[in-house]
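What follows is one structure encoded as structure tokens, with my remarks underneath.
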Amino acid sequence: MKRFLLSVFVAVLASSMVAFGQTKKETSKAVTIKGEVVDVACYLAQGARGSGHVACATACAKAGGALGILAPNGKLYVSVLPDDHKHDPNYLLMDHIGQTVDAKGFVRSEGGVNGLMILSVAMAN
């Protein structure tokens with residue numbers, strides 16, 4: 001019985017490792033994501049965004065809240081820490097809260113969450 005349970009445990013562990021490997025995505029080249037810079041917490045909790053939410057989103061971001069890019073298709077990309085750890089994830093987005101931008105960076109997705117390691121931000125055309 002112990003051997004059977006151990007076999008079941010190993011099989012479940014192996015299948016979960018395969019599933020984990022299949023869901024993890026990372027772009028190997030930089031992409032450009034166009035969208036509005038939003039405060040992630042307020043957007044997820046209340047749908048808050050736009051020019052009427054800039055002051056609140058700025059205060060939240062200064063207190064450590066995450067900013068992200070809300071693409072026109074509704075997909076939200078949370079800004080993630082750069083690999084060099086030189087700046088916080090909000091560094092390039094702070095001056096663009098509530099505005100539509102073109103953010104260039106690397107997409108990292110896991111478990112339904114989309115992250116964007118941002119390299120540069122420019123106002124969208």
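Ordered as shown in the structure tokens, chains take letters A, B, and onward, while each chain numbers its residues from 1 and ligands are numbered from 1 in the order shown.
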
Within 6 Å of range 32-43 of chain A using only C-alpha atoms, minus same-chain residues under 6 positions, as an mmCIF file with C-alpha atoms, in the first residue's frame:
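The new file result17.cif reads:
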data_model
loop_
_atom_site.group_PDB
_atom_site.id
_atom_site.type_symbol
_atom_site.label_atom_id
_atom_site.label_comp_id
_atom_site.auth_asym_id
_atom_site.auth_seq_id
_atom_site.Cartn_x
_atom_site.Cartn_y
_atom_site.Cartn_z
ATOM 1 C CA ARG A 49 -8.920 54.107 -14.261
ATOM 2 C CA ALA A 57 -3.300 55.861 -8.407
ATOM 3 C CA ALA A 66 1.795 48.026 -8.467
ATOM 4 C CA LEU A 67 1.166 49.834 -11.739
ATOM 5 C CA GLY A 68 0.354 48.063 -14.965
ATOM 6 C CA ILE A 69 -0.636 48.464 -18.590
ATOM 7 C CA LEU A 70 -4.273 47.815 -19.510
ATOM 8 C CA ALA A 71 -4.315 46.862 -23.201
ATOM 9 C CA ILE A 97 -0.584 57.206 -14.896
ATOM 10 C CA GLY A 98 -3.949 57.476 -16.656
ATOM 11 C CA GLN A 99 -2.324 57.967 -20.063
ATOM 12 C CA THR A 100 -2.064 55.650 -23.047
ATOM 13 C CA VAL A 101 1.503 54.568 -23.708
ATOM 14 C CA ASP A 102 3.617 52.222 -25.792
ATOM 15 C CA ALA A 103 5.622 50.164 -23.297
ATOM 16 C CA LYS A 104 8.502 48.102 -24.665
#

Selected residue, from A:Val54, A:Ile118, A:Glu110, A:Val31, that lies nearest to Asp84 in chain A when counting only C-alpha atoms: A:Ile118

Separation of CA of Leu44 in chain A from CA of Lys29 in chain A, in Å and rounded to one decimal: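 Answer for the CA of Leu44 in chain A to CA of Lys29 in chain A separation: 28.4 Å.
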
In Å, with one decimal, what is the gap from CA of Asp83 in chain A to CA of Val121 in chain A?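 One can read the CA of Asp83 in chain A to CA of Val121 in chain A distance as 16.9 Å.
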